[in-house]
Structures are given as C-alpha cells and as structure tokens.
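Below is my_file-v3.pdb, holding PDB, C-alpha atoms, pLDDT in the B column.
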MODEL        1
ATOM      1  CA  MET R   1      23.459 -22.443 -11.127  1.00 52.00           C
ATOM      2  CA  ALA R   2      23.152 -19.462  -8.781  1.00 63.00           C
ATOM      3  CA  THR R   3      24.351 -16.141 -10.135  1.00 78.00           C
ATOM      4  CA  GLN R   4      26.663 -14.060  -7.972  1.00 88.00           C
ATOM      5  CA  ARG R   5      25.729 -10.387  -8.240  1.00 90.00           C
ATOM      6  CA  SER R   6      27.449  -7.380  -6.731  1.00 93.00           C
ATOM      7  CA  ARG R   7      25.704  -5.341  -4.059  1.00 91.00           C
ATOM      8  CA  ARG R   8      25.368  -2.478  -6.545  1.00 94.00           C
ATOM      9  CA  LEU R   9      23.633  -4.698  -9.109  1.00 92.00           C
ATOM     10  CA  ARG R  10      21.351  -6.276  -6.471  1.00 85.00           C
ATOM     11  CA  LYS R  11      20.316  -2.769  -5.463  1.00 87.00           C
ATOM     12  CA  LYS R  12      19.604  -1.723  -9.050  1.00 90.00           C
ATOM     13  CA  LEU R  13      17.569  -4.881  -9.627  1.00 88.00           C
ATOM     14  CA  HIS R  14      15.690  -4.557  -6.296  1.00 83.00           C
ATOM     15  CA  ILE R  15      16.493  -8.136  -5.332  1.00 83.00           C
ATOM     16  CA  ASP R  16      17.727  -9.992  -2.249  1.00 85.00           C
ATOM     17  CA  GLU R  17      18.235  -7.507   0.604  1.00 85.00           C
ATOM     18  CA  PHE R  18      16.851  -4.695  -1.617  1.00 84.00           C
ATOM     19  CA  GLN R  19      13.578  -6.433  -2.442  1.00 87.00           C
ATOM     20  CA  GLU R  20      10.494  -4.309  -1.765  1.00 92.00           C
ATOM     21  CA  LEU R  21       7.231  -5.918  -0.710  1.00 94.00           C
ATOM     22  CA  GLY R  22       3.922  -4.101  -0.822  1.00 96.00           C
ATOM     23  CA  PHE R  23       0.236  -4.798  -1.302  1.00 98.00           C
ATOM     24  CA  SER R  24      -2.762  -3.538  -3.220  1.00 97.00           C
ATOM     25  CA  VAL R  25      -5.906  -2.129  -1.658  1.00 98.00           C
ATOM     26  CA  ALA R  26      -9.352  -1.410  -3.031  1.00 98.00           C
ATOM     27  CA  TRP R  27     -12.561  -0.084  -1.529  1.00 98.00           C
ATOM     28  CA  ARG R  28     -15.786   1.642  -2.441  1.00 97.00           C
ATOM     29  CA  PHE R  29     -17.492   4.659  -0.931  1.00 97.00           C
ATOM     30  CA  PRO R  30     -21.273   4.378  -0.474  1.00 95.00           C
ATOM     31  CA  GLU R  31     -23.309   5.753  -3.380  1.00 94.00           C
ATOM     32  CA  GLY R  32     -24.048   9.447  -2.888  1.00 94.00           C
ATOM     33  CA  THR R  33     -20.888  10.230  -0.889  1.00 95.00           C
ATOM     34  CA  SER R  34     -19.952  13.868  -1.540  1.00 95.00           C
ATOM     35  CA  GLU R  35     -16.585  14.992  -2.882  1.00 95.00           C
ATOM     36  CA  SER R  36     -15.811  16.771   0.380  1.00 96.00           C
ATOM     37  CA  GLU R  37     -16.468  13.560   2.358  1.00 96.00           C
ATOM     38  CA  ILE R  38     -14.201  11.601   0.006  1.00 96.00           C
ATOM     39  CA  ASP R  39     -11.446  14.221   0.313  1.00 96.00           C
ATOM     40  CA  GLU R  40     -11.710  14.288   4.092  1.00 97.00           C
ATOM     41  CA  THR R  41     -11.635  10.490   4.350  1.00 97.00           C
ATOM     42  CA  LEU R  42      -8.558  10.289   2.103  1.00 97.00           C
ATOM     43  CA  ASN R  43      -6.779  12.986   4.113  1.00 97.00           C
ATOM     44  CA  GLN R  44      -7.515  11.045   7.300  1.00 98.00           C
ATOM     45  CA  PHE R  45      -6.353   7.814   5.622  1.00 97.00           C
ATOM     46  CA  ILE R  46      -2.984   9.383   4.827  1.00 97.00           C
ATOM     47  CA  ASP R  47      -2.684  11.121   8.224  1.00 97.00           C
ATOM     48  CA  GLU R  48      -3.799   8.174  10.370  1.00 97.00           C
ATOM     49  CA  ALA R  49      -3.019   4.929   8.519  1.00 97.00           C
ATOM     50  CA  ILE R  50      -0.293   5.677   5.984  1.00 97.00           C
ATOM     51  CA  ASP R  51       2.199   8.278   7.324  1.00 97.00           C
ATOM     52  CA  PRO R  52       2.394   7.095  10.958  1.00 96.00           C
ATOM     53  CA  ASN R  53       3.301   3.583   9.757  1.00 96.00           C
ATOM     54  CA  GLY R  54       6.018   4.742   7.351  1.00 97.00           C
ATOM     55  CA  LEU R  55       3.915   3.717   4.361  1.00 98.00           C
ATOM     56  CA  ALA R  56       3.319   5.310   0.961  1.00 97.00           C
ATOM     57  CA  PHE R  57       0.065   5.136  -1.017  1.00 98.00           C
ATOM     58  CA  ASP R  58      -0.378   5.542  -4.761  1.00 96.00           C
ATOM     59  CA  GLY R  59      -3.967   5.207  -5.862  1.00 96.00           C
ATOM     60  CA  SER R  60      -6.880   6.797  -7.624  1.00 95.00           C
ATOM     61  CA  GLY R  61     -10.619   6.725  -7.880  1.00 95.00           C
ATOM     62  CA  TYR R  62     -13.797   8.578  -7.101  1.00 94.00           C
ATOM     63  CA  LEU R  63     -16.402   6.366  -5.456  1.00 96.00           C
ATOM     64  CA  VAL R  64     -14.332   3.248  -6.227  1.00 97.00           C
ATOM     65  CA  TRP R  65     -10.672   3.418  -5.188  1.00 97.00           C
ATOM     66  CA  GLU R  66      -7.699   1.160  -5.729  1.00 97.00           C
ATOM     67  CA  GLY R  67      -4.014   1.587  -5.177  1.00 97.00           C
ATOM     68  CA  LEU R  68      -0.629   0.280  -4.110  1.00 97.00           C
ATOM     69  CA  ILE R  69       0.878   0.553  -0.647  1.00 98.00           C
ATOM     70  CA  CYS R  70       4.587   0.132   0.050  1.00 97.00           C
ATOM     71  CA  LEU R  71       7.105   1.535   2.497  1.00 96.00           C
ATOM     72  CA  GLN R  72       8.317   5.118   2.122  1.00 95.00           C
ATOM     73  CA  LYS R  73      11.879   3.785   2.139  1.00 92.00           C
ATOM     74  CA  THR R  74      13.347   0.620   0.656  1.00 87.00           C
ATOM     75  CA  GLY R  75      12.034  -2.347   2.600  1.00 90.00           C
ATOM     76  CA  LYS R  76       9.276  -4.841   3.081  1.00 95.00           C
ATOM     77  CA  CYS R  77       5.748  -4.270   4.271  1.00 96.00           C
ATOM     78  CA  THR R  78       4.505  -6.825   6.754  1.00 96.00           C
ATOM     79  CA  ASP R  79       1.218  -8.591   7.396  1.00 97.00           C
ATOM     80  CA  GLU R  80       0.826  -6.198  10.338  1.00 97.00           C
ATOM     81  CA  HIS R  81       0.826  -3.258   7.885  1.00 97.00           C
ATOM     82  CA  ARG R  82      -1.828  -5.007   5.800  1.00 97.00           C
ATOM     83  CA  GLU R  83      -4.054  -5.590   8.812  1.00 97.00           C
ATOM     84  CA  ARG R  84      -3.685  -2.009  10.087  1.00 97.00           C
ATOM     85  CA  VAL R  85      -4.776  -0.648   6.714  1.00 98.00           C
ATOM     86  CA  ARG R  86      -7.646  -3.147   6.410  1.00 97.00           C
ATOM     87  CA  LYS R  87      -8.854  -2.344   9.934  1.00 97.00           C
ATOM     88  CA  TRP R  88      -8.717   1.412   9.309  1.00 98.00           C
ATOM     89  CA  LEU R  89     -10.742   1.129   6.093  1.00 97.00           C
ATOM     90  CA  GLU R  90     -13.326  -1.218   7.623  1.00 96.00           C
ATOM     91  CA  GLU R  91     -13.761   0.994  10.714  1.00 96.00           C
ATOM     92  CA  ARG R  92     -14.783   3.851   8.379  1.00 94.00           C
ATOM     93  CA  LYS R  93     -17.588   1.654   7.006  1.00 91.00           C
ATOM     94  CA  LEU R  94     -16.122   1.681   3.498  1.00 96.00           C
ATOM     95  CA  GLN R  95     -17.537  -1.042   1.277  1.00 96.00           C
ATOM     96  CA  ASP R  96     -15.914  -3.963  -0.549  1.00 97.00           C
ATOM     97  CA  VAL R  97     -12.566  -3.499   1.222  1.00 97.00           C
ATOM     98  CA  GLN R  98      -9.922  -5.715  -0.367  1.00 98.00           C
ATOM     99  CA  VAL R  99      -6.297  -6.051   0.715  1.00 98.00           C
ATOM    100  CA  THR R 100      -4.048  -8.395  -1.267  1.00 97.00           C
ATOM    101  CA  GLU R 101      -1.265 -10.607  -0.028  1.00 97.00           C
ATOM    102  CA  LEU R 102       2.225  -9.121  -0.014  1.00 97.00           C
ATOM    103  CA  PHE R 103       4.044  -9.110  -3.359  1.00 95.00           C
ATOM    104  CA  ASP R 104       7.279  -7.830  -4.868  1.00 94.00           C
ATOM    105  CA  VAL R 105       6.388  -4.328  -6.114  1.00 92.00           C
ATOM    106  CA  TRP R 106       9.151  -4.395  -8.751  1.00 89.00           C
ATOM    107  CA  TRP R 107       8.774  -7.895 -10.164  1.00 83.00           C
ATOM    108  CA  ASP R 108       5.231  -9.215  -9.556  1.00 71.00           C
TER
ENDMDL
END

Starting from the file, lay out its structure as structure tokens.
Amino acid sequence: MATQRSRRLRKKLHIDEFQELGFSVAWRFPEGTSESEIDETLNQFIDEAIDPNGLAFDGSGYLVWEGLICLQKTGKCTDEHRERVRKWLEERKLQDVQVTELFDVWWD
C-alpha cells in the first residue's frame, strides 16, 4: 500500500520531487605528475567542468582520484552532465577515467 507523505516529510527524506541524482567519478594521473600539475588540473576541472554546469564535486586523491558529483542545488544530474565530465577528463589525457550511472545520492 502506498504511503501518503506530506511535502515537508518528502523534502526531509529526499524522495519524490526532492530526490537528488548524482554520479561517481574516478581517474588516475600519469605516474610522475607533479603536485603543481595536479593542482592546476583540479582547478581547471572545477572552473571548466563543474561550476559552469551547476555541479558540485566532493573527492580526494593524489595520483588516483575518486569522488561524487551532484548538483549544487537540489535536483537531478543528467546523462548529459555525466558525458560532459567524462569528455573533459578524457580530453586532458587522464588515465582510467570511470563515470558511473546516475544514482540517488541519499539512498543508494
């Protein structure tokens, strides 16, 4: 039996119209990449692929990076967002680029 929930509760639970979809990314810098090159690439990643598309990135690494990408505001990333990020990373000749399918960032 379907449960009727108030708008307020749906918002707190991040379900229905408040569901947030995102995706994970991972990549590897070539062996021997300097810290300054890594920093510059990450700054460009944020400036060129993340911010202009209304996305947010939470990740970490050194030569091997992984992280989560979602929208800066409540909403759902699209396959177009995934492909833009993948294309940007691959154009920079980063290795082992992986972009997952979209998933619910609160419940999956």

Exercise. Extract, using only C-alpha atoms, all DNA, RNA and protein residues at most 10 Å from Phe45 of chain R, discarding same-chain residues fewer than 2 positions from it, and format them as an NGL selection string.
Key: :R and (39-43 or 47-51 or 57 or 85 or 88-89 or 92)

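Nearest-residue note for Ser36 of chain R: choosing from R:Cys70, R:Leu13, R:Ala56, R:Leu63, the minimum distance belongs to R:Leu63, counting all atoms listed in the file.
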
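Closest approach to Glu35 of chain R among R:His14, R:Lys76, R:Val97, R:Tyr62: R:Tyr62, based on all atoms listed in the file.
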
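Ranking R:Gln19, R:Gln4, R:Ser34, R:Gln95 by their shortest atom-to-atom distance to Trp107 of chain R, with all atoms listed in the file included, puts R:Gln19 first.
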
Practice problem: Using all atoms listed in the file, pick whichever of R:His81, R:Gln72, R:Arg86, R:Leu9 has the shortest atom-to-atom distance to Asp58 of chain R. | Solution: R:Gln72

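The gap separating atom CA of Glu37 of chain R from atom CA of Asp79 of chain R is 28.8 Å, in Å to one decimal.
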
Determine the axis-aligned bounding box of all atoms of segment 20-28 of chain R present in the file, pad each side by 5 Å, and express its centre and edge lengths in Å to one decimal place as JSON.
{"center_x": -2.6, "center_y": -2.1, "center_z": -2.0, "size_x": 36.3, "size_y": 17.6, "size_z": 12.5}

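The space separating atom CA of Lys11 of chain R from atom CA of Val25 of chain R comes to 26.5 Å.
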
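Take atom CA of Glu83 of chain R and atom CA of Gly22 of chain R: the distance between them is 12.6 Å.
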
Practice problem: Considering only C-alpha atoms, state which residue in the set R:Thr3, R:Thr74, R:Leu21, R:Val64 is at the smallest distance from Glu101 of chain R. | Solution: R:Leu21

Within 10 Å of Gly67 of chain R, counting only C-alpha atoms, which residues show up once you throw out same-chain ones fewer than 4 positions away? Write them as a PDB file with C-alpha atoms, in the frame of the given file, please.
ATOM      1  CA  PHE R  23       0.236  -4.798  -1.302  1.00 98.00           C
ATOM      2  CA  SER R  24      -2.762  -3.538  -3.220  1.00 97.00           C
ATOM      3  CA  VAL R  25      -5.906  -2.129  -1.658  1.00 98.00           C
ATOM      4  CA  ALA R  26      -9.352  -1.410  -3.031  1.00 98.00           C
ATOM      5  CA  TRP R  27     -12.561  -0.084  -1.529  1.00 98.00           C
ATOM      6  CA  PHE R  57       0.065   5.136  -1.017  1.00 98.00           C
ATOM      7  CA  ASP R  58      -0.378   5.542  -4.761  1.00 96.00           C
ATOM      8  CA  GLY R  59      -3.967   5.207  -5.862  1.00 96.00           C
ATOM      9  CA  SER R  60      -6.880   6.797  -7.624  1.00 95.00           C
ATOM     10  CA  GLY R  61     -10.619   6.725  -7.880  1.00 95.00           C
ATOM     11  CA  VAL R  99      -6.297  -6.051   0.715  1.00 98.00           C
TER      12      VAL R  99
END

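In terms of minimum interatomic distance to Glu66 of chain R, R:Asp96 ranks closest within R:Asp96, R:Glu80, R:Asp108, R:Glu20, counting all atoms listed in the file.
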